[in-house]
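Here's protein00.txt, which has compact mmCIF, C-alpha atoms:
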# COMPACT_ATOMS: atom_id res chain seq x y z
CA MET L 2 106.62 257.62 174.84
CA ALA L 3 103.90 260.10 174.06
CA PRO L 4 102.90 259.56 170.46
CA ASN L 5 99.51 261.09 171.30
CA ASP L 6 97.30 261.60 174.34
CA SER L 7 96.11 258.01 174.34
CA THR L 8 99.52 256.36 173.97
CA ARG L 9 101.87 257.71 176.63
CA THR L 10 104.83 255.71 177.77
CA THR L 11 104.52 254.26 181.24
CA GLU L 12 107.46 253.92 183.61
CA GLU L 13 107.23 250.19 183.01
CA ALA L 14 107.73 250.71 179.28
CA LYS L 15 110.85 252.76 179.95
CA ASP L 16 112.24 249.84 181.93
CA LEU L 17 112.00 247.66 178.82
CA ALA L 18 115.36 248.95 177.63
CA ALA L 19 117.17 248.81 180.99
CA GLY L 20 119.44 246.04 179.73
CA ARG L 21 121.07 248.10 176.99
CA ARG L 22 123.30 246.08 174.70
CA LYS L 23 127.04 246.66 174.71
CA THR L 24 128.01 246.09 171.08
CA ALA L 25 128.86 249.68 170.10
CA ARG L 26 132.51 249.45 171.15
CA TYR L 27 133.05 246.65 168.65
CA LEU L 28 131.84 248.58 165.61
CA VAL L 29 134.14 249.49 162.76
CA PRO L 30 135.12 253.07 163.65
CA VAL L 31 133.80 254.57 160.46
CA ALA L 32 130.43 256.15 161.08
CA VAL L 33 128.38 254.45 158.38
CA ALA L 34 130.08 251.07 158.47
CA GLY L 35 129.85 251.11 162.25
CA VAL L 36 126.11 251.63 162.21
CA ALA L 37 125.85 248.74 159.78
CA ALA L 38 127.45 246.42 162.31
CA ALA L 39 125.33 247.83 165.08
CA THR L 40 122.13 247.17 163.30
CA ILE L 41 122.78 243.49 163.51
CA GLY L 42 119.91 241.94 162.41
CA LEU L 43 116.94 240.56 161.26
CA VAL L 44 114.70 238.49 159.06
CA PRO L 45 111.50 237.64 157.66
CA ALA L 46 110.04 235.14 160.10
CA LEU L 47 107.69 232.71 158.42
CA ALA L 48 104.12 233.63 159.23
CA ALA L 49 101.19 231.28 158.89
CA SER L 50 98.45 232.22 156.44
CA GLY L 51 95.48 234.11 157.80
CA ASP L 52 95.37 236.72 160.56
CA PRO L 53 94.02 235.57 163.95
CA ASP L 54 90.85 237.10 165.39
CA LEU L 55 91.98 238.61 168.71
CA PRO L 56 90.30 240.94 171.22
CA LYS L 57 90.80 244.64 170.51
CA ILE L 58 93.71 246.28 172.32
CA SER L 59 95.04 249.85 172.38
CA ALA L 60 98.67 250.79 171.78
CA GLN L 61 98.97 251.84 175.42
CA GLU L 62 97.63 248.50 176.62
CA LEU L 63 99.94 246.58 174.29
CA ILE L 64 103.00 248.51 175.46
CA GLU L 65 102.03 247.82 179.06
CA LYS L 66 101.62 244.13 178.21
CA MET L 67 105.15 244.08 176.82
CA ALA L 68 106.48 245.87 179.92
CA ALA L 69 104.72 243.48 182.27
CA SER L 70 105.97 240.33 180.53
CA GLU L 71 107.89 238.11 182.94
CA THR L 72 109.12 235.67 180.33
CA GLN L 73 112.79 234.90 180.98
CA GLN L 74 113.07 231.38 179.57
CA LEU L 75 112.88 230.55 175.89
CA SER L 76 114.58 228.79 173.05
CA GLY L 77 114.09 228.92 169.32
CA THR L 78 115.34 229.80 165.87
CA VAL L 79 115.67 233.36 164.60
CA LYS L 80 116.04 234.31 160.96
CA ILE L 81 117.94 237.50 160.22
CA ASN L 82 118.06 239.66 157.11
CA THR L 83 119.82 243.01 156.81
CA ASP L 84 119.83 245.16 153.67
CA LEU L 85 121.54 248.47 154.40
CA GLY L 86 122.51 248.93 150.77
CA LEU L 87 126.23 248.59 151.51
CA PRO L 88 128.58 247.49 148.72
CA SER L 89 130.50 244.27 149.26
CA PHE L 90 134.29 244.17 149.13
CA GLY L 91 135.72 240.83 150.19
CA GLY L 92 139.17 242.13 151.12
CA LEU L 93 137.71 244.83 153.33
CA ALA L 94 135.58 242.36 155.24
CA GLY L 95 138.64 240.29 155.99
CA SER L 96 140.67 243.28 157.16
CA LEU L 97 137.96 244.35 159.57
CA THR L 98 136.95 241.06 161.15
CA GLY L 99 140.37 239.53 161.54
CA GLY L 100 141.14 235.84 161.62
CA SER L 101 143.28 233.24 163.20
CA GLY L 102 145.13 232.35 160.04
CA GLU L 103 147.60 235.21 160.46
CA GLY L 104 147.85 234.99 164.23
CA GLU L 105 146.14 238.31 164.93
CA GLY L 106 143.16 238.09 167.26
CA SER L 107 140.82 235.15 167.73
CA SER L 108 138.14 234.18 165.25
CA ALA L 109 136.06 233.13 168.27
CA ALA L 110 136.00 236.64 169.78
CA PRO L 111 132.50 238.20 169.56
CA ASP L 112 133.76 241.32 167.79
CA ALA L 113 135.10 239.15 164.98
CA LYS L 114 131.54 237.99 164.22
CA LEU L 115 129.48 241.18 164.48
CA THR L 116 130.34 242.60 161.08
CA GLU L 117 129.38 239.30 159.44
CA LEU L 118 125.78 239.95 160.51
CA ALA L 119 125.72 243.44 158.99
CA THR L 120 124.53 242.20 155.61
CA GLY L 121 122.66 239.27 154.13
CA THR L 122 120.56 236.51 155.64
CA HIS L 123 121.53 234.46 158.68
CA THR L 124 120.00 231.78 160.89
CA LEU L 125 120.51 231.91 164.65
CA ARG L 126 119.62 229.41 167.34
CA ILE L 127 119.04 231.06 170.70
CA ALA L 128 118.31 230.02 174.28
CA ALA L 129 117.85 231.97 177.51
CA ASP L 130 117.30 231.05 181.14
CA GLY L 131 117.14 234.29 183.09
CA PRO L 132 119.79 237.05 183.17
CA ASP L 133 122.72 234.71 183.90
CA ARG L 134 122.44 232.15 181.13
CA GLN L 135 122.11 232.83 177.42
CA LYS L 136 123.37 231.20 174.26
CA VAL L 137 123.42 232.42 170.65
CA SER L 138 124.62 230.22 167.80
CA ILE L 139 125.15 231.42 164.23
CA LEU L 140 124.47 228.50 161.90
CA GLU L 141 126.45 228.25 158.68
CA ASP L 142 126.55 225.65 155.91
CA SER L 143 129.26 223.47 157.44
CA SER L 144 130.16 225.23 160.68
CA GLU L 145 128.73 227.03 163.69
CA TYR L 146 129.71 229.92 165.92
CA SER L 147 128.38 230.00 169.50
CA LEU L 148 128.47 232.70 172.16
CA ILE L 149 127.59 231.34 175.61
CA HIS L 150 127.04 233.24 178.86
CA ASN L 151 126.81 230.92 181.85
CA GLY L 152 127.14 232.58 185.25
CA ASP L 153 130.62 234.09 185.56
CA ASP L 154 131.85 232.77 182.22
CA VAL L 155 131.47 234.00 178.65
CA TRP L 156 132.61 231.58 175.93
CA GLY L 157 132.89 232.07 172.19
CA TYR L 158 133.53 229.05 169.97
CA ASP L 159 134.18 228.98 166.22
CA SER L 160 133.91 225.40 164.97
CA ALA L 161 135.40 226.29 161.57
CA SER L 162 138.77 227.27 163.07
CA ASN L 163 138.42 225.27 166.32
CA GLU L 164 139.16 228.43 168.30
CA VAL L 165 137.77 229.40 171.69
CA PHE L 166 137.45 232.80 173.34
CA HIS L 167 136.93 233.04 177.12
CA ALA L 168 136.12 235.89 179.51
CA GLU L 169 135.25 235.81 183.18
CA GLY L 170 132.77 237.91 185.16
CA ASP L 171 131.09 240.59 183.03
CA GLY L 172 133.83 240.35 180.43
CA GLN L 173 135.33 243.71 181.39
CA ARG L 174 139.07 244.07 181.07
CA GLU L 175 141.44 247.03 181.00
CA GLY L 176 144.20 246.88 178.45
CA GLU L 177 147.71 248.25 178.79
CA ASP L 178 146.56 251.39 176.99
CA GLY L 179 144.15 252.08 179.89
CA LYS L 180 141.06 251.60 177.73
CA ASP L 181 138.12 249.48 178.83
CA ARG L 182 137.78 246.28 176.80
CA ARG L 183 134.46 244.50 177.27
CA THR L 184 133.10 241.31 175.82
CA PRO L 185 129.37 241.49 175.12
CA ASP L 186 127.57 238.81 177.11
CA ASP L 187 124.35 239.40 175.23
CA LEU L 188 123.94 240.33 171.57
CA PRO L 189 120.89 242.11 170.14
CA THR L 190 119.73 239.04 168.28
CA THR L 191 116.00 238.93 169.10
CA PRO L 192 112.99 241.10 168.28
CA LYS L 193 112.75 242.05 171.97
CA ASP L 194 116.27 243.51 172.03
CA LEU L 195 115.41 245.78 169.12
CA ALA L 196 111.92 246.64 170.35
CA ASP L 197 113.35 247.74 173.71
CA GLU L 198 115.64 250.24 172.02
CA VAL L 199 112.90 251.65 169.80
CA LEU L 200 110.44 252.12 172.68
CA LYS L 201 113.08 253.79 174.82
CA ALA L 202 113.93 256.28 172.08
CA ALA L 203 110.35 257.14 171.12
CA ASP L 204 108.81 260.41 172.34
CA ASP L 205 106.40 263.16 171.20
CA THR L 206 107.88 262.89 167.71
CA THR L 207 106.49 259.35 167.38
CA SER L 208 103.18 257.83 166.40
CA VAL L 209 102.37 254.43 167.91
CA THR L 210 99.30 252.41 166.88
CA VAL L 211 98.03 248.83 166.76
CA ASP L 212 97.50 247.73 163.16
CA GLY L 213 95.82 244.36 163.14
CA THR L 214 97.14 240.89 163.97
CA SER L 215 99.40 238.24 162.53
CA GLN L 216 100.89 234.83 163.24
CA VAL L 217 104.61 234.39 163.85
CA ALA L 218 106.22 231.02 164.47
CA GLY L 219 102.73 229.56 164.96
CA ARG L 220 101.76 232.06 167.68
CA ASP L 221 99.03 234.73 167.58
CA ALA L 222 100.36 238.26 167.72
CA TYR L 223 99.31 241.91 167.65
CA LYS L 224 101.15 244.31 165.32
CA LEU L 225 102.46 247.45 167.00
CA VAL L 226 103.40 250.09 164.41
CA VAL L 227 105.85 252.87 165.27
CA LYS L 228 106.24 255.80 162.84
CA PRO L 229 108.16 259.09 162.92
CA LYS L 230 106.00 262.22 162.81
CA GLN L 231 108.90 264.31 161.52
CA GLU L 232 109.96 264.92 157.93
CA GLY L 233 113.51 264.06 156.95
CA SER L 234 113.92 260.70 158.70
CA THR L 235 115.08 257.69 156.69
CA VAL L 236 112.87 255.49 158.88
CA GLY L 237 109.45 254.92 157.32
CA SER L 238 107.96 252.63 159.96
CA ILE L 239 108.79 249.90 162.46
CA THR L 240 106.43 246.99 163.02
CA ILE L 241 106.72 244.83 166.13
CA ALA L 242 104.69 241.62 166.31
CA VAL L 243 103.86 241.07 170.01
CA ASP L 244 102.81 237.67 171.36
CA ALA L 245 99.14 238.00 172.29
CA LYS L 246 99.52 235.68 175.28
CA ASN L 247 102.76 236.65 177.01
CA GLY L 248 103.69 240.05 175.53
CA VAL L 249 107.03 238.95 174.08
CA PRO L 250 108.05 240.59 170.75
CA LEU L 251 108.23 237.87 168.11
CA LYS L 252 109.14 239.86 165.02
CA PHE L 253 110.73 243.25 164.28
CA THR L 254 110.68 244.94 160.87
CA LEU L 255 112.17 248.32 159.95
CA ASN L 256 111.03 249.78 156.63
CA PRO L 257 112.83 252.76 155.05
CA SER L 258 111.03 255.96 154.09
CA SER L 259 112.42 255.52 150.58
CA GLY L 260 110.35 252.37 150.07
CA GLY L 261 111.41 248.92 148.93
CA LYS L 262 112.09 245.89 151.08
CA ALA L 263 112.86 246.11 154.77
CA VAL L 264 116.24 247.41 155.87
CA VAL L 265 116.30 245.15 158.90
CA ASP L 266 113.88 242.36 159.69
CA VAL L 267 114.19 239.81 162.48
CA GLY L 268 111.79 237.18 163.65
CA PHE L 269 111.34 233.78 165.21
CA THR L 270 110.62 230.86 162.92
CA LYS L 271 110.38 228.55 165.94
CA VAL L 272 109.97 229.47 169.60
CA ASP L 273 109.43 227.55 172.84
CA PHE L 274 108.83 229.37 176.14
CA SER L 275 109.69 226.45 178.41
CA ARG L 276 112.96 226.41 180.39
CA PRO L 277 115.91 225.15 178.31
CA ALA L 278 117.89 222.21 179.69
CA ALA L 279 120.75 223.33 181.95
CA SER L 280 123.18 221.43 179.73
CA THR L 281 122.40 223.88 176.90
CA PHE L 282 124.72 226.39 178.55
CA ASP L 283 127.54 224.01 179.42
CA PHE L 284 130.77 224.41 177.46
CA THR L 285 134.17 222.74 177.58
CA PRO L 286 136.82 223.66 174.99
CA PRO L 287 137.19 220.79 172.51
CA LYS L 288 140.45 218.86 172.48
CA GLY L 289 143.10 220.65 170.46
CA ALA L 290 141.22 223.96 170.35
CA LYS L 291 143.21 227.19 170.59
CA VAL L 292 141.92 229.12 173.63
CA THR L 293 142.33 232.90 173.92
CA GLU L 294 141.63 234.51 177.29
CA ALA L 295 140.06 237.97 177.37
CA ASP L 296 142.91 239.32 179.50
CA GLU L 297 145.56 237.79 177.26
CA PRO L 298 144.93 239.39 173.83
CA ALA L 299 146.77 237.95 170.89
CA ASP L 300 148.23 241.30 169.78
CA GLY L 301 149.96 241.85 173.14
CA LYS L 302 148.62 245.38 173.54
CA GLY L 303 145.71 244.81 175.87
CA THR L 304 143.17 245.02 173.08
CA ARG L 305 140.99 242.58 171.19
CA ALA L 306 140.11 244.96 168.39
CA PRO L 307 139.49 243.34 165.00
CA LYS L 308 142.45 242.94 162.71
CA GLY L 309 142.97 246.14 160.77
CA HIS L 310 141.36 248.26 163.48
CA GLU L 311 144.61 250.03 164.24
CA GLU L 312 144.57 251.45 160.70
CA PHE L 313 141.32 253.30 161.50
CA GLU L 314 142.34 254.85 164.80
CA GLY L 315 142.86 258.26 163.21
CA LEU L 316 139.25 258.24 162.06
CA GLY L 317 138.09 257.18 165.51
CA ASP L 318 139.90 260.00 167.30
CA MET L 319 136.95 262.36 167.52
CA GLY L 320 137.16 265.41 169.71
CA GLY L 321 133.62 266.40 170.65
CA LEU L 322 129.99 265.37 170.15
CA ASP L 323 126.94 267.62 169.84
CA VAL L 324 123.39 266.54 169.06
CA ILE L 325 121.41 268.70 166.65
CA GLY L 326 117.62 268.44 166.62
CA GLU L 327 115.50 265.85 168.41
CA GLY L 328 113.62 262.62 167.93
CA TRP L 329 113.93 260.75 164.67
CA THR L 330 115.77 263.59 162.93
CA SER L 331 118.50 263.98 165.55
CA ILE L 332 121.94 264.45 164.02
CA ALA L 333 125.22 263.86 165.83
CA LYS L 334 127.92 266.41 165.06
CA ILE L 335 131.39 265.06 165.75
CA GLU L 336 134.41 267.32 165.66
CA GLY L 337 137.23 265.41 163.99
CA PRO L 338 140.99 265.86 164.45
CA GLY L 339 141.17 268.21 161.45
CA ALA L 340 138.17 270.39 162.35
CA GLY L 341 138.95 274.06 161.94
CA GLN L 342 142.25 273.35 160.15
CA GLY L 343 140.94 273.28 156.61
CA ALA L 344 140.92 270.60 153.93
CA ASP L 345 144.72 270.23 153.68
CA ALA L 346 144.97 269.10 157.30
CA THR L 347 142.36 266.43 156.69
CA LYS L 348 143.97 265.06 153.52
CA LYS L 349 146.82 263.64 155.57
CA GLU L 350 144.31 261.79 157.76
CA LYS L 351 142.58 260.37 154.69
CA GLY L 352 145.95 259.28 153.33
CA ASP L 353 146.28 256.90 156.26
CA VAL L 354 143.09 255.00 155.35
CA PRO L 355 143.75 251.53 153.85
CA PRO L 356 143.04 251.43 150.09
CA GLU L 357 140.27 248.84 150.48
CA ALA L 358 138.54 250.99 153.10
CA GLN L 359 138.87 254.08 150.89
CA GLN L 360 137.27 252.12 148.03
CA PHE L 361 134.42 251.24 150.38
CA LEU L 362 133.94 254.88 151.41
CA ASP L 363 134.16 256.21 147.85
CA ALA L 364 131.47 253.76 146.72
CA LEU L 365 129.14 255.07 149.42
CA GLY L 366 129.87 258.76 148.94
CA ASP L 367 128.27 261.73 147.18
CA LYS L 368 130.26 264.94 146.96
CA VAL L 369 128.34 267.95 148.32
CA GLU L 370 128.96 271.67 148.84
CA GLY L 371 127.38 274.37 150.99
CA LYS L 372 128.10 277.22 153.38
CA PHE L 373 130.22 274.75 155.37
CA GLY L 374 132.51 274.25 152.37
CA SER L 375 132.63 270.83 150.75
CA GLY L 376 132.44 267.24 151.88
CA THR L 377 131.18 263.74 151.17
CA VAL L 378 127.90 262.12 152.18
CA PHE L 379 128.24 258.39 152.87
CA LYS L 380 124.95 256.63 152.26
CA THR L 381 123.13 253.54 153.43
CA ARG L 382 119.39 252.85 153.28
CA LEU L 383 119.09 253.77 156.95
CA VAL L 384 121.94 255.90 158.30
CA ASN L 385 123.75 258.63 156.36
CA ALA L 386 126.87 260.55 157.34
CA LEU L 387 128.37 263.79 156.01
CA MET L 388 132.12 264.19 156.47
CA THR L 389 133.25 267.72 155.66
CA ASP L 390 136.72 268.38 154.30
CA ASP L 391 137.83 269.80 157.65
CA GLY L 392 137.08 266.50 159.38
CA THR L 393 133.70 267.28 160.98
CA VAL L 394 131.14 264.46 160.77
CA TYR L 395 127.34 264.81 160.81
CA VAL L 396 125.55 261.47 161.15
CA GLY L 397 121.98 260.33 161.68
CA ALA L 398 119.04 258.32 160.35
CA VAL L 399 118.18 261.30 158.15
CA THR L 400 118.29 262.26 154.48
CA LYS L 401 121.25 263.80 152.70
CA ASP L 402 119.45 267.16 152.51
CA ALA L 403 118.95 267.14 156.27
CA LEU L 404 122.68 266.57 156.82
CA VAL L 405 123.67 269.39 154.46
CA LYS L 406 121.18 271.72 156.17
CA ALA L 407 122.63 270.88 159.59
CA ALA L 408 126.17 271.49 158.36
CA ASN L 409 125.19 274.85 156.84
CA GLU L 410 123.50 275.95 160.04
CA GLY L 411 126.52 274.85 162.04
CA LYS L 412 128.68 277.42 160.31

Please, can you express the file's structure as C-alpha cells?
Amino acid sequence: MAPNDSTRTTEEAKDLAAGRRKTARYLVPVAVAGVAAATIGLVPALAASGDPDLPKISAQELIEKMAASETQQLSGTVKINTDLGLPSFGGLAGSLTGGSGEGEGSSAAPDAKLTELATGTHTLRIAADGPDRQKVSILEDSSEYSLIHNGDDVWGYDSASNEVFHAEGDGQREGEDGKDRRTPDDLPTTPKDLADEVLKAADDTTSVTVDGTSQVAGRDAYKLVVKPKQEGSTVGSITIAVDAKNGVPLKFTLNPSSGGKAVVDVGFTKVDFSRPAASTFDFTPPKGAKVTEADEPADGKGTRAPKGHEEFEGLGDMGGLDVIGEGWTSIAKIEGPGAGQGADATKKEKGDVPPEAQQFLDALGDKVEGKFGSGTVFKTRLVNALMTDDGTVYVGAVTKDALVKAANEGK
C-alpha cells in the first residue's frame, strides 16, 4: 500500500491477507445480492467513554504492528450490523437460503446461513486456537447456529432444526457435475478478516492515516483510517481500531460516501486473548439430529447450493470478465449469455427469474439509457450494478454515473 511516501505497504502487510476467505462461491448469483451476502458483517462494538492517551504512532508503524502480530488464540463476542439499503422480502429470503422443512439441503450447511447475516444486527461468539481450530456461533433469541473447524473436521449445527452438516479435510468436494464444492472452514466474522482484505486491496489510490485513539471492549486502540483518493467511489472511509498492545484489529467500520450511518460495522464487545479450552472445539451430533455429509448432498446432484439456486443459474452463466479502471473505482464488466444479441434475447433469460427475485431486483433498480442502449442500475449503499438489456453487467463499489460512463465507453 502506498497511500503516500510515508505510508508504503511492507511485504509483511501484504501477508496479512494470505488467508483469503472462501465465501464467494456461496453468494446468491445476482451481482448486488451476492455482494450483500459477501459483506457479512459488522457492528457497533461498545466503546468505553474517553479516548486513551497513547504514544504517537505513524500509519506505517501501525500497519507493521498489525503485520507482526502473532496472536492466534482468542475468544470473545462480536456484534455485527449491516445496512446495505436492501429491501426485505420474506419469501425471497426463504427461497435463497433453503431449509430442512421441505427436504432440500441442510439448514446446518454454512451457505444456508450466510445470507442471514447480509442485513440487520447479529451477535456472534467466536473462538480460535491457531489455524486448525476455530468456532463461530450465531446467537439468536431461542436458538444457536455453530460452525466448528477442528483439525480435519468441519461441523455445522443448527439447534433450531436439530440438523448437522459435516465435511472432512478442507471441505472440498467435487459434485457429479464436475464443479468444486467447498465448505468454508473460516468465515469473515472478525475485524481482522475485513482489515486484511482492505489492506491487501489498497494501493496508490488510497490514503492511510492514524486518527486518534479509542477504547474497544475495554482495550486501548489506535484508529487507522483508510480513504479512497479517487472520485466516484461509494466508499467514504474505513476505520480500523487496532489493539495498542498486540496489533489485533478490534473494530472495523465502513462509512459510505453518501453519508449516514455505517454500511458495515463489526467489533468486539468482549475479547480474551488467552488460549480457549480444547473442549470448545469438540462436537458430537446430538441424539436424533439429522446429519448431512458434504459428499452426500440432499439434492442428489453433487451440490449443496441453497434452495432456489437452480432458478438463478441462467443469471450466473457469465461468459467473460474484464476489469475497467483501478483502485476504488474499479468496475467489473461481465459478458452475459445475451451479450451482443440484443434486448429480445435477454428477455427470455429474465423470464426465467422467480417472481419474488424479480420483485427484489425491480425494487433496487433505476432505468438508465446511454450510448450502450438501455439497462437497469441495481443499487445498494455500497455496491451498484448496471445490467444492460443485452445481458452485460457492470458492477463495482462506484456511483451510478460511473457505471453508465463505463458502459458508454465500452461501446

Distance query Lys228 of chain L at most 7 Å, all atoms listed in the file, self and fewer than 4 positions along chain excluded, as a VMD selection string: chain L and resid 207 to 209 237 to 239

Within-9 Å shell of (100.5, 241.0, 177.8) in input frame, only C-alpha atoms, as number ranges by chain: L: 62-70, 243-249

Any chance you can output those residues with C-alpha atoms as a PDB file, in the frame of the given file?
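To be explicit, this is the file written out as out_37.pdb:
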ATOM      1  CA  GLU L  62      97.630 248.500 176.620  1.00  0.00           C
ATOM      2  CA  LEU L  63      99.940 246.580 174.290  1.00  0.00           C
ATOM      3  CA  ILE L  64     103.000 248.510 175.460  1.00  0.00           C
ATOM      4  CA  GLU L  65     102.030 247.820 179.060  1.00  0.00           C
ATOM      5  CA  LYS L  66     101.620 244.130 178.210  1.00  0.00           C
ATOM      6  CA  MET L  67     105.150 244.080 176.820  1.00  0.00           C
ATOM      7  CA  ALA L  68     106.480 245.870 179.920  1.00  0.00           C
ATOM      8  CA  ALA L  69     104.720 243.480 182.270  1.00  0.00           C
ATOM      9  CA  SER L  70     105.970 240.330 180.530  1.00  0.00           C
ATOM     10  CA  VAL L 243     103.860 241.070 170.010  1.00  0.00           C
ATOM     11  CA  ASP L 244     102.810 237.670 171.360  1.00  0.00           C
ATOM     12  CA  ALA L 245      99.140 238.000 172.290  1.00  0.00           C
ATOM     13  CA  LYS L 246      99.520 235.680 175.280  1.00  0.00           C
ATOM     14  CA  ASN L 247     102.760 236.650 177.010  1.00  0.00           C
ATOM     15  CA  GLY L 248     103.690 240.050 175.530  1.00  0.00           C
ATOM     16  CA  VAL L 249     107.030 238.950 174.080  1.00  0.00           C
TER      17      VAL L 249
END

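Across the model, the gap from atom CA of Arg126 of chain L to atom CA of Ala161 of chain L is 17.1 Å.
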
Counting all atoms listed in the file, the option among L:Asp112, L:Asp154, L:Glu410, L:Asp212 closest to Leu225 of chain L: L:Asp212

Residue contacts of Ala279 of chain L (12 Å, all atoms listed in the file) excluding same-chain residues fewer than 5 positions away, as a ChimeraX atom specification: /L:74,128-131,133-136,151-152,284

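Across the structure, atom CA of Val384 of chain L and atom CA of Glu232 of chain L are spaced 15.0 Å apart.
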
Straight-line distance linking atom CA of Ala403 of chain L with atom CA of Met388 of chain L, stated in Å to one decimal: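 For atom CA of Ala403 of chain L relative to atom CA of Met388 of chain L, the distance reads 13.5 Å.
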
Shell around Asn163 of chain L at 9 Å using all atoms listed in the file, local window under 2 positions removed, as an NGL selection string: :L and (108-109 or 158-161 or 165 or 286-287 or 289-292)
